[in-house]
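**Student:** My file is upload_15.txt. It has compact mmCIF, C-alpha atoms:
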# COMPACT_ATOMS: atom_id res chain seq x y z
CA MET D 194 19.16 29.65 31.23
CA ASN D 195 16.88 32.64 30.96
CA THR D 196 17.78 33.20 27.32
CA LYS D 197 16.97 29.60 26.51
CA PHE D 198 13.60 29.89 28.16
CA PHE D 199 12.97 33.11 26.24
CA ILE D 200 13.81 31.40 22.95
CA PHE D 201 11.50 28.55 23.88
CA LEU D 202 8.66 30.99 24.55
CA LEU D 203 9.38 32.80 21.29
CA ALA D 204 9.27 29.52 19.38
CA LEU D 205 5.92 28.69 20.98
CA ALA D 206 4.54 32.10 20.08
CA LEU D 207 5.70 31.67 16.48
CA LEU D 208 4.08 28.26 16.26
CA GLY D 209 0.84 29.75 17.50
CA ALA D 210 1.12 32.49 14.91
CA CYS D 211 1.45 29.90 12.17
CA ASN D 212 -1.78 28.22 13.14
CA SER D 213 -3.79 31.40 13.28
CA GLY D 214 -2.15 32.77 10.13
CA PRO D 215 -3.54 32.74 6.59
CA GLN D 216 -4.74 29.46 5.06
CA LYS D 217 -2.26 27.30 3.19
CA ILE D 218 -1.44 28.31 -0.36
CA LEU D 219 -1.72 25.57 -2.98
CA PRO D 220 1.22 25.29 -5.40
CA VAL D 221 0.87 25.71 -9.16
CA LEU D 222 1.53 22.31 -10.75
CA GLY D 223 2.84 21.36 -14.17
CA GLN D 224 5.90 22.23 -16.21
CA PRO D 225 6.31 26.01 -16.65
CA GLU D 226 6.68 27.07 -20.25
CA VAL D 227 9.89 28.89 -21.11
CA THR D 228 9.85 31.41 -23.93
CA GLU D 229 12.75 33.47 -25.18
CA ARG D 230 12.79 36.99 -26.53
CA THR D 231 15.46 39.50 -27.38
CA VAL D 232 15.89 42.68 -25.36
CA ASP D 233 18.63 45.12 -26.46
CA GLY D 234 20.36 42.41 -28.46
CA LYS D 235 20.40 39.96 -25.53
CA THR D 236 18.30 36.81 -25.25
CA VAL D 237 15.97 36.89 -22.24
CA TYR D 238 14.01 33.86 -20.99
CA ASP D 239 10.55 34.14 -19.52
CA SER D 240 8.75 31.35 -17.73
CA THR D 241 4.99 31.15 -17.65
CA GLU D 242 2.98 28.83 -15.42
CA HIS D 243 1.32 25.81 -16.98
CA LYS D 244 -2.25 26.65 -18.02
CA ILE D 245 -5.00 24.43 -19.43
CA PRO D 246 -5.24 25.41 -23.13
CA ASP D 247 -8.45 26.37 -24.93
CA PHE D 248 -10.80 23.48 -25.68
CA SER D 249 -14.16 22.79 -27.31
CA LEU D 250 -16.28 19.81 -26.21
CA TYR D 251 -19.98 18.92 -25.72
CA ASN D 252 -21.80 18.08 -22.50
CA GLN D 253 -24.72 15.71 -21.77
CA GLU D 254 -27.20 18.35 -22.93
CA GLY D 255 -25.40 18.95 -26.21
CA GLU D 256 -24.10 22.34 -25.10
CA ASN D 257 -20.72 23.47 -26.38
CA ILE D 258 -18.38 23.58 -23.37
CA THR D 259 -15.22 25.64 -23.82
CA GLN D 260 -12.68 27.66 -21.86
CA ALA D 261 -15.37 30.35 -21.69
CA THR D 262 -17.55 27.98 -19.58
CA VAL D 263 -14.85 27.68 -16.90
CA LYS D 264 -13.74 31.32 -17.07
CA GLY D 265 -13.12 32.68 -13.57
CA LYS D 266 -14.33 29.41 -12.02
CA VAL D 267 -12.72 26.76 -9.86
CA TYR D 268 -13.20 23.29 -11.31
CA VAL D 269 -12.37 19.62 -10.89
CA ALA D 270 -11.44 17.52 -13.94
CA ASP D 271 -11.26 13.76 -14.45
CA PHE D 272 -11.31 11.20 -17.28
CA PHE D 273 -13.66 8.20 -17.44
CA PHE D 274 -16.05 6.27 -19.69
CA THR D 275 -19.59 5.16 -18.96
CA SER D 276 -19.06 1.43 -19.57
CA CYS D 277 -15.88 1.31 -17.47
CA PRO D 278 -15.72 -1.87 -15.39
CA THR D 279 -12.64 -0.90 -13.35
CA ILE D 280 -11.99 2.21 -11.25
CA CYS D 281 -14.49 4.68 -12.74
CA PRO D 282 -17.54 3.83 -10.63
CA LYS D 283 -15.41 4.23 -7.50
CA VAL D 284 -14.10 7.61 -8.65
CA LYS D 285 -17.61 8.71 -9.62
CA ALA D 286 -19.00 7.68 -6.21
CA ASN D 287 -16.23 9.71 -4.55
CA LEU D 288 -16.71 12.75 -6.80
CA LYS D 289 -20.43 12.68 -6.01
CA LYS D 290 -19.48 13.72 -2.46
CA VAL D 291 -17.57 16.71 -3.86
CA TYR D 292 -20.56 17.54 -6.09
CA LYS D 293 -22.98 17.43 -3.16
CA GLU D 294 -20.74 19.77 -1.18
CA TYR D 295 -20.40 22.47 -3.87
CA LYS D 296 -23.20 22.01 -6.42
CA ASP D 297 -24.95 25.23 -5.40
CA GLN D 298 -21.78 27.30 -5.74
CA ASP D 299 -22.03 29.39 -8.94
CA ASP D 300 -18.28 29.57 -9.46
CA PHE D 301 -17.58 25.84 -9.13
CA LEU D 302 -17.82 23.07 -11.77
CA LEU D 303 -16.97 19.42 -12.34
CA LEU D 304 -15.78 18.31 -15.80
CA SER D 305 -15.68 14.57 -16.50
CA HIS D 306 -14.17 13.78 -19.90
CA SER D 307 -15.11 10.57 -21.68
CA ILE D 308 -12.15 8.77 -23.23
CA ASP D 309 -14.55 6.51 -25.20
CA VAL D 310 -16.20 9.09 -27.46
CA LYS D 311 -17.41 6.51 -29.98
CA HIS D 312 -19.65 4.87 -27.38
CA ASP D 313 -20.23 7.87 -25.10
CA THR D 314 -22.42 10.01 -27.34
CA ILE D 315 -24.32 13.01 -26.00
CA GLY D 316 -27.38 10.74 -25.62
CA ARG D 317 -25.46 8.13 -23.67
CA LEU D 318 -24.01 10.83 -21.38
CA ALA D 319 -27.53 12.23 -20.84
CA TRP D 320 -28.71 8.75 -19.80
CA TYR D 321 -25.75 8.40 -17.42
CA ALA D 322 -26.31 11.85 -15.87
CA ASP D 323 -29.99 11.01 -15.34
CA LYS D 324 -29.26 7.66 -13.64
CA PHE D 325 -26.46 9.24 -11.62
CA ASN D 326 -28.76 12.10 -10.55
CA ILE D 327 -26.49 14.98 -11.46
CA ASP D 328 -27.30 18.39 -12.90
CA ALA D 329 -25.54 19.82 -15.97
CA LYS D 330 -25.51 23.20 -14.22
CA SER D 331 -22.57 22.06 -12.11
CA TRP D 332 -21.34 18.74 -13.52
CA HIS D 333 -20.53 18.43 -17.21
CA LEU D 334 -19.99 14.99 -18.70
CA LEU D 335 -17.98 15.70 -21.83
CA THR D 336 -17.57 14.13 -25.23
CA GLY D 337 -16.09 15.43 -28.46
CA LYS D 338 -13.37 14.57 -30.93
CA HIS D 339 -11.20 11.64 -29.82
CA GLU D 340 -7.95 13.48 -30.51
CA ASP D 341 -9.14 16.61 -28.69
CA ILE D 342 -9.75 14.66 -25.48
CA TYR D 343 -6.53 12.66 -25.72
CA LYS D 344 -4.59 15.93 -26.30
CA LEU D 345 -6.28 17.46 -23.27
CA SER D 346 -5.60 14.67 -20.74
CA PRO D 347 -1.81 15.23 -20.43
CA GLU D 348 -2.50 18.96 -19.97
CA TYR D 349 -4.34 17.93 -16.81
CA LEU D 350 -1.37 15.65 -15.93
CA ILE D 351 -3.69 12.64 -16.29
CA ALA D 352 -2.77 9.55 -18.33
CA ALA D 353 -5.28 8.02 -20.76
CA LEU D 354 -4.78 5.65 -23.66
CA VAL D 355 -6.64 3.16 -25.83
CA ASP D 356 -5.56 -0.37 -24.84
CA GLU D 357 -7.41 -3.46 -26.05
CA GLY D 358 -5.60 -5.49 -23.40
CA VAL D 359 -7.31 -4.01 -20.35
CA PRO D 360 -10.91 -4.60 -19.22
CA GLY D 361 -13.17 -2.14 -21.02
CA GLY D 362 -10.54 -1.36 -23.68
CA PHE D 363 -9.20 1.91 -22.25
CA ASP D 364 -6.41 2.42 -19.77
CA HIS D 365 -6.44 5.52 -17.64
CA SER D 366 -5.62 6.72 -14.16
CA GLY D 367 -8.16 7.57 -11.45
CA ALA D 368 -6.45 10.90 -10.86
CA VAL D 369 -8.50 14.04 -10.38
CA ALA D 370 -7.15 17.55 -11.08
CA LEU D 371 -8.16 20.71 -9.25
CA VAL D 372 -8.01 23.82 -11.44
CA ASP D 373 -8.14 27.44 -10.25
CA ARG D 374 -9.88 30.52 -11.68
CA HIS D 375 -6.94 31.11 -14.02
CA ARG D 376 -6.89 27.59 -15.51
CA ARG D 377 -3.85 26.56 -13.47
CA ILE D 378 -3.66 23.10 -11.84
CA ARG D 379 -3.37 23.52 -8.08
CA GLY D 380 -3.80 19.94 -6.86
CA MET D 381 -3.87 16.30 -7.96
CA TYR D 382 -5.83 13.66 -6.02
CA ASP D 383 -6.36 9.90 -6.20
CA GLY D 384 -10.05 9.69 -7.03
CA THR D 385 -10.28 6.11 -5.76
CA ASP D 386 -9.30 7.13 -2.21
CA PRO D 387 -12.12 8.58 -0.07
CA GLU D 388 -9.53 10.16 2.28
CA LYS D 389 -7.95 12.12 -0.60
CA MET D 390 -11.42 13.39 -1.52
CA LYS D 391 -11.66 15.00 1.91
CA ASP D 392 -8.44 16.90 1.09
CA LEU D 393 -9.94 17.88 -2.26
CA ILE D 394 -13.09 19.24 -0.60
CA LYS D 395 -10.93 21.39 1.74
CA ASP D 396 -8.67 22.60 -1.08
CA ILE D 397 -11.63 23.66 -3.23
CA ALA D 398 -12.64 26.02 -0.43
CA ILE D 399 -9.13 27.52 -0.45
CA LEU D 400 -9.30 28.17 -4.21
CA LEU D 401 -12.82 29.56 -4.01
CA ALA D 402 -11.52 32.10 -1.47
CA GLU D 403 -8.88 33.25 -3.97
CA LYS D 404 -9.74 36.02 -6.41
CA MET E 15 4.57 -15.33 36.44
CA ARG E 16 5.96 -16.13 33.01
CA PRO E 17 3.49 -18.81 31.89
CA PHE E 18 0.69 -16.47 32.88
CA PHE E 19 2.08 -13.71 30.69
CA LEU E 20 2.41 -16.11 27.76
CA PHE E 21 -1.16 -17.27 28.26
CA PHE E 22 -2.51 -13.74 28.03
CA LEU E 23 -0.38 -13.03 25.00
CA LEU E 24 -1.83 -16.05 23.22
CA LEU E 25 -5.33 -15.12 24.30
CA GLY E 26 -4.78 -11.67 22.83
CA LEU E 27 -3.56 -13.11 19.55
CA PHE E 28 -6.58 -15.34 19.15
CA ALA E 29 -8.91 -12.51 20.04
CA CYS E 30 -7.46 -10.49 17.13
CA LYS E 31 -7.98 -13.20 14.59
CA GLN E 32 -11.66 -13.06 13.77
CA PRO E 33 -12.75 -16.19 11.99
CA ASN E 34 -14.34 -15.32 8.65
CA ALA E 35 -16.01 -18.18 6.86
CA TYR E 36 -16.00 -16.26 3.58
CA GLY E 37 -12.41 -14.96 3.55
CA ASP E 38 -11.63 -16.20 0.02
CA GLY E 39 -14.91 -14.83 -1.27
CA ALA E 40 -14.21 -11.47 0.37
CA MET E 41 -10.81 -11.23 -1.32
CA LEU E 42 -12.24 -12.17 -4.73
CA TYR E 43 -15.10 -9.71 -4.26
CA GLU E 44 -12.68 -6.89 -3.46
CA LYS E 45 -10.66 -7.66 -6.58
CA HIS E 46 -13.37 -8.40 -9.17
CA CYS E 47 -16.62 -6.81 -7.98
CA ALA E 48 -16.12 -3.97 -5.48
CA ASN E 49 -15.10 -1.33 -8.04
CA CYS E 50 -18.63 -1.30 -9.40
CA HIS E 51 -20.84 -2.80 -6.69
CA GLY E 52 -19.04 -0.97 -3.86
CA GLU E 53 -17.11 -2.06 -0.77
CA GLN E 54 -20.37 -2.45 1.13
CA GLY E 55 -22.38 -3.82 -1.79
CA GLU E 56 -24.11 -0.46 -2.06
CA GLY E 57 -24.02 -0.15 -5.88
CA LEU E 58 -24.01 3.26 -7.60
CA GLU E 59 -27.22 5.26 -7.65
CA GLU E 60 -29.47 4.04 -10.49
CA LEU E 61 -26.50 2.96 -12.59
CA ILE E 62 -25.20 -0.13 -10.81
CA PRO E 63 -27.52 -2.25 -8.65
CA PRO E 64 -26.72 -2.86 -4.98
CA LEU E 65 -26.03 -6.36 -3.67
CA ALA E 66 -26.70 -5.51 -0.03
CA GLN E 67 -30.26 -6.52 0.79
CA ALA E 68 -30.97 -6.97 -2.91
CA ASP E 69 -34.02 -9.15 -3.52
CA ALA E 70 -32.94 -10.15 -7.03
CA LEU E 71 -29.64 -11.55 -5.78
CA MET E 72 -31.14 -13.50 -2.90
CA GLN E 73 -34.01 -14.90 -4.99
CA ALA E 74 -31.68 -15.95 -7.82
CA GLY E 75 -29.81 -18.50 -5.71
CA THR E 76 -27.30 -20.42 -7.83
CA ALA E 77 -28.55 -18.64 -10.98
CA ALA E 78 -26.46 -15.66 -9.91
CA ALA E 79 -23.41 -17.80 -10.82
CA CYS E 80 -24.32 -17.28 -14.49
CA TRP E 81 -24.43 -13.49 -14.00
CA ILE E 82 -20.94 -13.54 -12.52
CA ARG E 83 -19.46 -15.72 -15.28
CA TYR E 84 -21.27 -14.35 -18.35
CA GLY E 85 -22.30 -10.88 -17.25
CA LEU E 86 -25.73 -9.33 -17.73
CA ASP E 87 -27.21 -7.49 -20.66
CA GLY E 88 -30.67 -5.97 -20.50
CA PRO E 89 -32.82 -4.65 -17.66
CA ILE E 90 -33.01 -6.20 -14.21
CA LEU E 91 -35.37 -5.26 -11.38
CA VAL E 92 -33.72 -4.90 -7.97
CA ASN E 93 -35.87 -3.89 -4.99
CA GLY E 94 -38.39 -2.33 -7.36
CA GLN E 95 -35.79 -0.25 -9.20
CA GLU E 96 -34.92 -1.04 -12.81
CA PHE E 97 -31.24 -1.14 -13.77
CA ASP E 98 -30.23 -1.31 -17.41
CA ASN E 99 -26.47 -1.19 -17.68
CA GLU E 100 -24.28 -3.94 -19.07
CA MET E 101 -22.43 -6.06 -16.52
CA PRO E 102 -19.14 -7.44 -17.88
CA GLU E 103 -18.33 -11.15 -17.91
CA ASN E 104 -15.80 -12.73 -15.54
CA LYS E 105 -14.69 -15.76 -17.48
CA ALA E 106 -11.41 -16.07 -15.58
CA LEU E 107 -13.20 -17.05 -12.36
CA SER E 108 -13.43 -20.81 -11.68
CA ALA E 109 -16.52 -22.55 -10.31
CA VAL E 110 -14.86 -22.71 -6.88
CA GLU E 111 -14.13 -18.98 -6.96
CA ILE E 112 -17.68 -18.17 -8.08
CA THR E 113 -19.03 -20.34 -5.25
CA ASN E 114 -16.86 -18.45 -2.76
CA VAL E 115 -17.94 -15.05 -4.08
CA LEU E 116 -21.61 -16.09 -4.02
CA ASN E 117 -21.47 -17.35 -0.46
CA TYR E 118 -19.68 -14.18 0.62
CA ILE E 119 -22.13 -11.73 -0.99
CA ARG E 120 -25.14 -13.82 0.10
CA ASN E 121 -23.95 -13.51 3.70
CA SER E 122 -22.65 -9.94 3.96
CA TRP E 123 -24.10 -6.44 4.55
CA GLY E 124 -27.25 -7.80 6.15
CA ASN E 125 -27.76 -10.58 3.60
CA LYS E 126 -28.45 -14.04 4.95
CA GLY E 127 -28.66 -16.93 2.55
CA GLU E 128 -28.24 -20.67 2.73
CA PHE E 129 -24.78 -21.98 1.91
CA LEU E 130 -24.41 -22.92 -1.76
CA GLN E 131 -22.38 -26.06 -2.47
CA LEU E 132 -19.79 -26.31 -5.21
CA ASP E 133 -21.64 -29.07 -7.09
CA GLN E 134 -24.82 -26.95 -7.18
CA VAL E 135 -22.87 -24.06 -8.70
CA GLN E 136 -21.08 -26.39 -11.16
CA ASN E 137 -24.41 -27.79 -12.35
CA GLN E 138 -25.84 -24.32 -12.71
CA LEU E 139 -22.85 -23.15 -14.76
CA LEU E 140 -23.52 -25.97 -17.25
CA ASN E 141 -27.05 -24.64 -17.71
CA CYS E 142 -26.62 -20.90 -18.18
CA GLN E 143 -28.81 -19.19 -20.81
CA LYS E 144 -25.90 -18.12 -22.97
What do you get writing this file as structure tokens?
**Tutor:**
Amino acid sequence: MNTKFFIFLLALALLGACNSGPQKILPVLGQPEVTERTVDGKTVYDSTEHKIPDFSLYNQEGENITQATVKGKVYVADFFFTSCPTICPKVKANLKKVYKEYKDQDDFLLLSHSIDVKHDTIGRLAWYADKFNIDAKSWHLLTGKHEDIYKLSPEYLIAALVDEGVPGGFDHSGAVALVDRHRRIRGMYDGTDPEKMKDLIKDIAILLAEK
Amino acid sequence: MRPFFLFFLLLGLFACKQPNAYGDGAMLYEKHCANCHGEQGEGLEELIPPLAQADALMQAGTAAACWIRYGLDGPILVNGQEFDNEMPENKALSAVEITNVLNYIRNSWGNKGEFLQLDQVQNQLLNCQK
């Protein structure tokens, strides 16, 4: 009887320790890349975590935005287009809450990639940013070469394709990716769900605390 | 004792079911309009105009039926703020559906407008500037 009670107390103490312990660690998402090399005549396999590759795009102010822009920073990425009649405005309204929370943080950025580069020129993105009241210091609306953006979206685990059959002419998901200081995806969120945005806001703080 | 219990159960059931005169309109709004204009008709900053307490909507009356069916291109002034973003057409919506949406948005989020009849909306739809 006494042993049981002791175990019960121990379990309680452990539970308490969990709560006061370190913050949760976010997993690294995406398919690890496996490379092989030969060591002493034997084939050895190495696996490296999925990382966002180098990229070169332009923001609403015509600045060249590359991997150097996000170096050492935590950032949120999504895909949209300015004339989107479906989920985009909802996702943008939700991301605005994230922006308001972290816009003064030097090591945090938002990157919204247009999937309609023909229509979403730098000028059009500048107009959108102005009407949406966002600052290019912390939120980049991106355009560039069509193929560059469509190559980049699966790297963020986000689907985007040209489809004449859907309203607006482009099909894409409202998913939002959270990327850490080392260009690794650490979380995926449904940008249309305000509740999921609360999780995102909390998780950004966890990544900002990481070195 | 039993009939009493049943009575309270029924009372409870009826209390849950809030009558909503614009139920169809609310469902259509959620499906076709809320993505842009917002769940509460709040719009999106200076990009998409609000519908809640929007003077342009309330003053337009049945003319707003044309906006829903054919969309809007060019600037529009809403509560003193200019919006200049294309609104897409909604050609799949019938006159009945447009009437339901109009009556819903004209009587939600603080809006209060007189009830628009189907024949008024039908007539208007024959006379859109398009």
**Student:** Taking into account only C-alpha atoms, which residue in the set D:Lys283, D:Lys197, D:Arg230, D:Lys235 is nearest to Glu56 of chain E?
**Tutor:**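 Nearest candidate to Glu56 of chain E out of D:Lys283, D:Lys197, D:Arg230, D:Lys235: D:Lys283.
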**Student:** Could you list, as an NGL selection string, every residue within 12 Å of Phe272 of chain D, counting all atoms listed in the file and ignoring same-chain residues fewer than 6 positions away?
**Tutor:** :D and (280-282 or 284-285 or 288 or 303-310 or 333-336 or 342-343 or 345-347 or 349-354 or 363-370 or 384)
**Student:** Dump C-alpha atoms for the selected residues as a PDB file, in the frame of the given file?
**Tutor:**
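And here is the file that came out, again.pdb:
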ATOM      1  CA  ILE D 280     -11.990   2.210 -11.250  1.00  0.00           C
ATOM      2  CA  CYS D 281     -14.490   4.680 -12.740  1.00  0.00           C
ATOM      3  CA  PRO D 282     -17.540   3.830 -10.630  1.00  0.00           C
ATOM      4  CA  VAL D 284     -14.100   7.610  -8.650  1.00  0.00           C
ATOM      5  CA  LYS D 285     -17.610   8.710  -9.620  1.00  0.00           C
ATOM      6  CA  LEU D 288     -16.710  12.750  -6.800  1.00  0.00           C
ATOM      7  CA  LEU D 303     -16.970  19.420 -12.340  1.00  0.00           C
ATOM      8  CA  LEU D 304     -15.780  18.310 -15.800  1.00  0.00           C
ATOM      9  CA  SER D 305     -15.680  14.570 -16.500  1.00  0.00           C
ATOM     10  CA  HIS D 306     -14.170  13.780 -19.900  1.00  0.00           C
ATOM     11  CA  SER D 307     -15.110  10.570 -21.680  1.00  0.00           C
ATOM     12  CA  ILE D 308     -12.150   8.770 -23.230  1.00  0.00           C
ATOM     13  CA  ASP D 309     -14.550   6.510 -25.200  1.00  0.00           C
ATOM     14  CA  VAL D 310     -16.200   9.090 -27.460  1.00  0.00           C
ATOM     15  CA  HIS D 333     -20.530  18.430 -17.210  1.00  0.00           C
ATOM     16  CA  LEU D 334     -19.990  14.990 -18.700  1.00  0.00           C
ATOM     17  CA  LEU D 335     -17.980  15.700 -21.830  1.00  0.00           C
ATOM     18  CA  THR D 336     -17.570  14.130 -25.230  1.00  0.00           C
ATOM     19  CA  ILE D 342      -9.750  14.660 -25.480  1.00  0.00           C
ATOM     20  CA  TYR D 343      -6.530  12.660 -25.720  1.00  0.00           C
ATOM     21  CA  LEU D 345      -6.280  17.460 -23.270  1.00  0.00           C
ATOM     22  CA  SER D 346      -5.600  14.670 -20.740  1.00  0.00           C
ATOM     23  CA  PRO D 347      -1.810  15.230 -20.430  1.00  0.00           C
ATOM     24  CA  TYR D 349      -4.340  17.930 -16.810  1.00  0.00           C
ATOM     25  CA  LEU D 350      -1.370  15.650 -15.930  1.00  0.00           C
ATOM     26  CA  ILE D 351      -3.690  12.640 -16.290  1.00  0.00           C
ATOM     27  CA  ALA D 352      -2.770   9.550 -18.330  1.00  0.00           C
ATOM     28  CA  ALA D 353      -5.280   8.020 -20.760  1.00  0.00           C
ATOM     29  CA  LEU D 354      -4.780   5.650 -23.660  1.00  0.00           C
ATOM     30  CA  PHE D 363      -9.200   1.910 -22.250  1.00  0.00           C
ATOM     31  CA  ASP D 364      -6.410   2.420 -19.770  1.00  0.00           C
ATOM     32  CA  HIS D 365      -6.440   5.520 -17.640  1.00  0.00           C
ATOM     33  CA  SER D 366      -5.620   6.720 -14.160  1.00  0.00           C
ATOM     34  CA  GLY D 367      -8.160   7.570 -11.450  1.00  0.00           C
ATOM     35  CA  ALA D 368      -6.450  10.900 -10.860  1.00  0.00           C
ATOM     36  CA  VAL D 369      -8.500  14.040 -10.380  1.00  0.00           C
ATOM     37  CA  ALA D 370      -7.150  17.550 -11.080  1.00  0.00           C
ATOM     38  CA  GLY D 384     -10.050   9.690  -7.030  1.00  0.00           C
TER      39      GLY D 384
END
**Student:** Can you work out the spacing between atom CA of Ile119 of chain E and atom CA of Asn49 of chain E in Å, to one decimal?
**Tutor:** 14.4 Å
**Student:** Using all atoms listed in the file, find the one residue out of D:Leu400, D:Val372, D:Ala329, D:Ala286 that sits nearest to chain E.
**Tutor:** D:Ala286
**Student:** So, with all atoms listed in the file as the atoms that count, which of E:Pro102, E:Gly52, E:Gly39, E:Pro64 lies closest to Leu116 of chain E?
**Tutor:**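 Ranked by minimum distance to Leu116 of chain E, first place goes to E:Gly39.
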**Student:** Tell me, counting only C-alpha atoms, for each residue of chain E within 6 Å of chain D, which pair of atoms is nearest and how far apart they are in Å to one decimal, in rows ordered by chain and increasing number, as a tab-separated table.
**Tutor:**
residue	atom	partner	partner_atom	distance
E:Asn49	CA	D:Lys283	CA	5.6
E:Cys50	CA	D:Pro282	CA	5.4
E:Glu59	CA	D:Phe325	CA	5.7
E:Glu60	CA	D:Lys324	CA	4.8
E:Leu61	CA	D:Lys324	CA	5.6
**Student:** Could you please determine the separation between atom CA of Gln73 of chain E and atom CA of Glu44 of chain E in Å, to one decimal place?
**Tutor:** 22.8 Å
**Student:** Would you compute the distance between atom CA of Asn125 of chain E and atom CA of Tyr43 of chain E? Give it in Å to one decimal.
**Tutor:** 14.9 Å
**Student:** With distances taken over only C-alpha atoms, which residue among E:Gln54, E:Gln131, E:Asn99, E:Cys142 lies nearest Asn114 of chain E?
**Tutor:** E:Gln131
**Student:** For Gly85 of chain E, which residue among E:Ala109, E:Met101, E:Ile62, E:Ala70 is the nearest when counting all atoms listed in the file?
**Tutor:**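 Of all the options, E:Met101 lies closest to Gly85 of chain E.
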